[in-house]
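What follows is the content of final_30.cif, which has mmCIF, C-alpha atoms:
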data_model
loop_
_atom_site.label_atom_id
_atom_site.label_comp_id
_atom_site.auth_asym_id
_atom_site.auth_seq_id
_atom_site.Cartn_x
_atom_site.Cartn_y
_atom_site.Cartn_z
CA MET A 1 107.51 122.60 81.40
CA ALA A 2 107.00 123.35 85.07
CA ASP A 3 108.55 126.39 86.67
CA LEU A 4 111.26 124.52 88.56
CA ASP A 5 112.06 127.64 90.59
CA ASP A 6 108.63 127.32 92.20
CA MET A 7 108.91 124.75 95.02
CA LYS A 8 105.47 123.21 94.59
CA ALA A 9 105.74 123.06 90.80
CA ALA A 10 109.18 121.46 91.04
CA LEU A 11 108.06 118.81 93.53
CA HIS A 12 104.99 118.03 91.43
CA TYR A 13 107.07 117.84 88.25
CA TYR A 14 109.43 115.22 89.71
CA LEU A 15 106.55 113.18 91.10
CA ARG A 16 104.89 113.10 87.68
CA ARG A 17 108.14 112.21 85.96
CA ASN A 18 108.78 109.30 88.30
CA ARG A 19 105.24 108.01 87.67
CA ASP A 20 105.72 108.19 83.91
CA ASP A 21 109.12 106.50 84.11
CA LEU A 22 107.68 103.66 86.17
CA LEU A 23 104.73 103.03 83.85
CA TRP A 24 107.02 103.11 80.83
CA LYS A 25 108.80 100.00 82.14
CA LEU A 26 105.68 97.95 81.35
CA ASP A 27 105.52 99.01 77.70
CA GLY A 28 105.41 96.04 75.36
CA LEU A 29 105.22 93.40 78.08
CA SER A 30 102.66 90.63 78.01
CA GLU A 31 100.40 90.01 80.98
CA ARG A 32 102.60 87.09 82.03
CA GLU A 33 105.85 89.03 81.63
CA ALA A 34 104.53 91.91 83.73
CA ARG A 35 103.50 89.51 86.53
CA THR A 36 106.52 87.19 86.57
CA PRO A 37 108.45 87.32 89.86
CA ARG A 38 111.98 88.57 89.22
CA THR A 39 113.52 88.46 92.70
CA ALA A 40 113.71 86.00 95.58
CA THR A 41 111.01 88.04 97.35
CA GLY A 42 108.63 87.97 94.38
CA ASN A 43 109.11 91.52 93.06
CA ASN A 44 107.45 91.89 89.70
CA LEU A 45 106.82 94.87 87.46
CA LEU A 46 103.04 94.88 87.71
CA GLY A 47 103.20 94.48 91.49
CA VAL A 48 105.43 97.54 91.76
CA VAL A 49 102.86 99.55 89.80
CA LYS A 50 100.02 98.29 92.01
CA HIS A 51 101.98 99.18 95.14
CA CYS A 52 102.78 102.69 93.89
CA LEU A 53 99.23 103.50 92.84
CA ASN A 54 97.97 102.46 96.28
CA VAL A 55 100.69 104.54 97.95
CA GLU A 56 99.61 107.63 96.01
CA ALA A 57 95.90 107.05 96.61
CA ALA A 58 96.45 106.73 100.36
CA TYR A 59 98.97 109.52 100.89
CA PHE A 60 97.18 112.07 98.73
CA GLY A 61 93.75 110.89 99.85
CA LEU A 62 93.28 109.64 103.39
CA THR A 63 96.13 111.79 104.71
CA PHE A 64 94.22 114.91 103.68
CA GLY A 65 90.67 113.67 104.29
CA ARG A 66 90.01 112.96 100.61
CA HIS A 67 88.60 109.73 99.19
CA PHE A 68 89.28 108.19 95.80
CA SER A 69 86.08 107.84 93.77
CA ALA A 70 86.41 104.05 93.42
CA PRO A 71 87.84 102.82 96.75
CA GLU A 72 86.84 99.24 95.93
CA GLU A 73 89.56 99.22 93.24
CA LEU A 74 92.26 99.99 95.82
CA VAL A 75 93.77 97.78 98.49
CA ALA A 76 91.98 98.51 101.76
CA LEU A 77 94.21 99.18 104.78
CA GLU A 78 92.54 96.24 106.59
CA ALA A 79 93.68 93.84 103.84
CA PHE A 80 97.27 94.17 105.07
CA ASP A 81 96.27 92.38 108.30
CA ASP A 82 95.65 89.18 106.32
CA ASP A 83 98.41 89.59 103.73
CA PRO A 84 101.19 92.17 104.26
CA GLN A 85 102.16 91.77 100.58
CA VAL A 86 98.62 92.28 99.23
CA ASP A 87 99.54 95.39 97.23
CA TRP A 88 102.65 93.85 95.64
CA TYR A 89 100.96 91.55 93.10
CA ALA A 90 98.04 91.63 90.70
CA ARG A 91 95.19 89.28 91.51
CA GLU A 92 93.89 87.01 88.77
CA ASP A 93 90.96 89.37 88.14
CA GLU A 94 93.28 92.38 87.72
CA THR A 95 95.04 93.08 84.42
CA LYS A 96 98.10 95.02 83.38
CA ASP A 97 96.04 97.46 81.33
CA GLY A 98 93.48 97.77 84.11
CA LEU A 99 96.08 98.59 86.75
CA ILE A 100 97.83 101.07 84.46
CA ASP A 101 94.47 102.76 83.87
CA LEU A 102 93.79 102.75 87.61
CA TYR A 103 97.19 104.32 88.28
CA ARG A 104 96.44 107.07 85.77
CA ARG A 105 93.12 107.78 87.51
CA VAL A 106 94.84 107.75 90.91
CA ALA A 107 97.44 110.17 89.51
CA VAL A 108 94.68 112.60 88.51
CA PHE A 109 93.25 112.29 92.04
CA ALA A 110 96.68 112.87 93.62
CA ASP A 111 97.36 115.81 91.31
CA GLU A 112 94.06 117.37 92.38
CA THR A 113 95.16 117.20 96.02
CA ILE A 114 98.45 118.86 95.13
CA ASP A 115 96.77 121.52 93.01
CA GLN A 116 94.10 122.33 95.62
CA LEU A 117 96.26 122.53 98.75
CA PRO A 118 99.17 124.78 99.73
CA LEU A 119 102.47 123.11 100.58
CA ASP A 120 101.95 123.81 104.28
CA ALA A 121 98.51 122.16 104.33
CA PRO A 122 98.34 119.85 107.35
CA GLY A 123 97.57 116.17 107.03
CA GLN A 124 97.70 113.06 109.15
CA VAL A 125 99.03 109.67 108.04
CA PRO A 126 96.83 107.17 109.90
CA TRP A 127 99.13 104.17 109.36
CA TRP A 128 102.19 105.88 110.83
CA ARG A 129 102.89 105.39 114.52
CA PRO A 130 101.18 107.73 117.00
CA GLY A 131 103.11 110.92 117.66
CA HIS A 132 104.58 110.86 114.13
CA GLN A 133 101.42 111.08 112.01
CA ASP A 134 101.27 114.85 111.45
CA VAL A 135 102.61 115.95 108.06
CA THR A 136 102.33 118.72 105.50
CA LEU A 137 101.60 118.38 101.81
CA HIS A 138 105.23 119.36 101.18
CA ARG A 139 106.49 116.42 103.20
CA VAL A 140 104.04 114.00 101.58
CA ILE A 141 105.02 115.01 98.03
CA ALA A 142 108.70 114.54 98.89
CA HIS A 143 108.03 111.23 100.66
CA VAL A 144 105.92 109.77 97.84
CA THR A 145 108.29 111.01 95.12
CA CYS A 146 111.21 109.28 96.85
CA ASP A 147 109.18 106.10 97.26
CA ILE A 148 108.15 106.00 93.62
CA ALA A 149 111.69 106.83 92.45
CA ARG A 150 113.02 103.93 94.47
CA HIS A 151 110.47 101.56 92.95
CA ALA A 152 111.08 102.92 89.45
CA GLY A 153 114.71 101.94 90.04
CA HIS A 154 113.57 98.44 90.95
CA ALA A 155 111.56 98.39 87.73
CA ASP A 156 114.62 99.52 85.74
CA ILE A 157 116.60 96.53 86.95
CA MET A 158 113.77 94.02 86.56
CA ARG A 159 113.10 95.18 83.00
CA GLU A 160 116.80 95.03 82.09
CA GLN A 161 117.00 91.50 83.49
CA HIS A 162 113.92 90.51 81.48
CA ASP A 163 114.82 91.69 77.99
CA GLY A 164 117.78 94.05 78.20
CA ALA A 165 115.61 97.17 77.83
CA ILE A 166 117.47 100.00 79.53
CA GLY A 167 117.08 103.68 80.16
CA TRP A 168 115.87 105.93 82.89
CA GLN A 169 113.05 107.55 80.95
CA ARG A 170 111.29 107.32 77.61
CA GLY A 171 113.40 108.95 74.90
CA SER A 172 116.49 109.39 77.09
CA ALA A 173 118.40 106.26 77.98
CA SER A 174 121.26 108.24 79.53
CA ILE A 175 123.56 105.38 78.52
CA PRO A 176 126.31 105.49 75.88
CA ASP A 177 125.22 104.29 72.43
CA GLY A 178 127.14 101.40 70.89
CA TYR A 179 129.00 100.62 74.11
CA ASP A 180 130.60 97.16 74.38
CA TRP A 181 128.66 95.99 77.44
CA PRO A 182 130.03 92.41 77.56
CA THR A 183 133.60 93.75 77.65
CA TYR A 184 132.65 96.30 80.29
CA VAL A 185 130.97 93.67 82.49
CA SER A 186 133.98 91.37 82.07
CA LYS A 187 136.26 94.22 83.18
CA LEU A 188 134.14 94.77 86.30
CA ARG A 189 134.14 91.04 87.12
CA LYS A 190 137.92 90.97 86.88
CA LEU A 191 138.19 93.98 89.17
CA ALA A 192 135.83 92.36 91.67
CA ASP A 193 137.75 89.07 91.55
CA HIS A 194 140.80 90.82 93.01
CA PHE A 195 138.92 91.07 96.31
CA GLU A 196 137.64 88.45 98.72
#
Could you rewrite the structure in this file as structure tokens?
Amino acid sequence: MADLDDMKAALHYYLRRNRDDLLWKLDGLSEREARTPRTATGNNLLGVVKHCLNVEAAYFGLTFGRHFSAPEELVALEAFDDDPQVDWYAREDETKDGLIDLYRRVAVFADETIDQLPLDAPGQVPWWRPGHQDVTLHRVIAHVTCDIARHAGHADIMREQHDGAIGWQRGSASIPDGYDWPTYVSKLRKLADHFE
């Protein structure tokens, strides 16, 4: 367990936890199930993972002058000019297991950046607008952790819609056991129906 009284250790702990929680949402899914669009804008579980791994590779790499060992496996910044959604879906030649493995390798790379640099280490985010590109490692860890947490929340909902699997992390659903969900949902619908 990380020393949560140490700022850097605490930030790193929550980043790692969010990563693990996100990847857990793909457990047991087939290739098709992981890729299936679940929202009107095409959000899908595997696309969320691909987006997050590219976010981590860029923020903990380029921002601090570091380069991932296999850049050809990542989405190049220039690719967004042709397709602004390019990191939100797996291509036909990419697999669920392959992207999960890539995310784990990116996580090791990101963790190395965090381990090697102090929280006040300066960086520059090249894709942010001029005049707002200067950051510190502290800010980047917080920014990326929030981003991944948000997308892990998306994954929570998409997975629940798919097969009813719920819970915020492996081994801790944080939801009452044996609860009568249909009655609860009916109660909420009735409450909502009182309003226009």
For this session: Starting from the displayed file, determine the output of the PyMOL selection byres ((chain A and resi 111-120) around 6) and express the residue list as a PyMOL selection string.
Result: chain A and resi 107-110+121+136-138
For this session: Please evaluate the PyMOL selection byres ((chain A and resi 65) around 12) against the displayed coordinates and give the resulting residues as a ChimeraX atom specification.
Result: /A:57-64,66-68,113,117,121-126
For this session: For the file shown, report as a list in words the outcome of the PyMOL selection byres ((chain A and resi 55) around 10) at residue level.
Result: Val49, Lys50, His51, Cys52, Leu53, Asn54, Glu56, Ala57, Ala58, Tyr59, Phe60, Gly61, Leu74, Val75, Asp87, Val106, Val144, Asp147 and Ile148 of chain A
Exercise. Which neighbours of Gly47 of chain A fall inside 10 Å, counting all atoms listed in the file, when residues of the same chain fewer than 5 positions from it are skipped, and could you give them as a list of chain:residue names?
Worked result: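 Those residues are A:Ala34, A:Arg35, A:Thr36, A:Pro37, A:Gly42, A:Cys52, A:Leu53, A:Gln85, A:Val86, A:Asp87, A:Trp88, A:Tyr89, A:Ala90, A:Arg91, A:Lys96, A:Leu99, A:Ala155.
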Residues of the last selection are to be written out with C-alpha atoms, as a short mmCIF file (atom, residue, chain, number, x, y, z; two decimals), in the coordinates of the input.
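What landed in result_6.cif:
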data_model
loop_
_atom_site.label_atom_id
_atom_site.label_comp_id
_atom_site.auth_asym_id
_atom_site.auth_seq_id
_atom_site.Cartn_x
_atom_site.Cartn_y
_atom_site.Cartn_z
CA ALA A 34 104.53 91.91 83.73
CA ARG A 35 103.50 89.51 86.53
CA THR A 36 106.52 87.19 86.57
CA PRO A 37 108.45 87.32 89.86
CA GLY A 42 108.63 87.97 94.38
CA CYS A 52 102.78 102.69 93.89
CA LEU A 53 99.23 103.50 92.84
CA GLN A 85 102.16 91.77 100.58
CA VAL A 86 98.62 92.28 99.23
CA ASP A 87 99.54 95.39 97.23
CA TRP A 88 102.65 93.85 95.64
CA TYR A 89 100.96 91.55 93.10
CA ALA A 90 98.04 91.63 90.70
CA ARG A 91 95.19 89.28 91.51
CA LYS A 96 98.10 95.02 83.38
CA LEU A 99 96.08 98.59 86.75
CA ALA A 155 111.56 98.39 87.73
#
Problem set entry | Selected residue, from A:Leu77, A:Asp156, A:Asn43, A:His132, that lies nearest to Leu23 of chain A when counting all atoms listed in the file |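 Once distances to Leu23 of chain A are computed over all atoms listed in the file, the minimum belongs to A:Asp156.
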For this session: Work out how far atom CA of Arg139 of chain A is from atom CA of Gly153 of chain A, in Å to one decimal.
Result: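 That distance, rounded to one decimal, is 21.2 Å.
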For this session: Would you mind reading off the distance between atom CA of Asp83 of chain A and atom CA of Ile100 of chain A, one decimal, in Å?
Result: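 Computing it gives 22.4 Å between the two atoms.
Here atom CA of Arg17 of chain A is placed at a distance of 20.7 Å from atom CA of Asn44 of chain A.
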Exercise. Which residue, A:His194, A:Glu92, A:Leu188, A:Ala149, has the smallest gap to Leu15 of chain A when you use only C-alpha atoms?
Worked result: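 Of A:His194, A:Glu92, A:Leu188, A:Ala149, the one nearest Leu15 of chain A is A:Ala149, counting only C-alpha atoms.
Distances from A:Gln161, A:Gly131, A:Phe195, A:Thr145 to Lys25 of chain A were compared using only C-alpha atoms, and the smallest one belongs to A:Gln161.
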Can you sort out segment 60-78 of chain A so it carries N, CA and C atoms, written as a short mmCIF file (atom, residue, chain, number, x, y, z; two decimals), in the coordinates of the input?
data_model
loop_
_atom_site.label_atom_id
_atom_site.label_comp_id
_atom_site.auth_asym_id
_atom_site.auth_seq_id
_atom_site.Cartn_x
_atom_site.Cartn_y
_atom_site.Cartn_z
N PHE A 60 97.81 110.84 99.21
CA PHE A 60 97.18 112.07 98.73
C PHE A 60 95.67 112.06 98.94
N GLY A 61 95.16 110.99 99.54
CA GLY A 61 93.75 110.89 99.85
C GLY A 61 93.51 110.91 101.34
N LEU A 62 93.60 109.76 101.97
CA LEU A 62 93.28 109.64 103.39
C LEU A 62 94.06 110.63 104.26
N THR A 63 95.31 110.87 103.93
CA THR A 63 96.13 111.79 104.71
C THR A 63 95.51 113.18 104.79
N PHE A 64 94.81 113.56 103.73
CA PHE A 64 94.22 114.91 103.68
C PHE A 64 92.69 114.88 103.68
N GLY A 65 92.12 113.77 104.16
CA GLY A 65 90.67 113.67 104.29
C GLY A 65 89.93 113.57 102.97
N ARG A 66 90.63 113.13 101.93
CA ARG A 66 90.01 112.96 100.61
C ARG A 66 89.84 111.47 100.33
N HIS A 67 88.87 111.14 99.50
CA HIS A 67 88.60 109.73 99.19
C HIS A 67 88.54 109.53 97.69
N PHE A 68 89.29 108.55 97.21
CA PHE A 68 89.28 108.19 95.80
C PHE A 68 87.88 107.74 95.41
N SER A 69 87.47 108.08 94.20
CA SER A 69 86.08 107.84 93.77
C SER A 69 85.72 106.36 93.66
N ALA A 70 86.69 105.49 93.53
CA ALA A 70 86.41 104.05 93.42
C ALA A 70 87.28 103.29 94.43
N PRO A 71 86.99 103.45 95.73
CA PRO A 71 87.84 102.82 96.75
C PRO A 71 87.89 101.30 96.65
N GLU A 72 86.87 100.70 96.07
CA GLU A 72 86.84 99.24 95.93
C GLU A 72 87.92 98.73 94.97
N GLU A 73 88.48 99.62 94.16
CA GLU A 73 89.56 99.22 93.24
C GLU A 73 90.93 99.27 93.90
N LEU A 74 91.01 99.87 95.09
CA LEU A 74 92.26 99.99 95.82
C LEU A 74 92.38 98.89 96.87
N VAL A 75 93.57 98.72 97.39
CA VAL A 75 93.77 97.78 98.49
C VAL A 75 93.38 98.49 99.79
N ALA A 76 92.42 97.93 100.49
CA ALA A 76 91.98 98.51 101.76
C ALA A 76 93.05 98.31 102.83
N LEU A 77 93.20 99.28 103.71
CA LEU A 77 94.21 99.18 104.78
C LEU A 77 94.05 97.89 105.58
N GLU A 78 92.80 97.45 105.81
CA GLU A 78 92.54 96.24 106.59
C GLU A 78 93.08 94.99 105.90
#
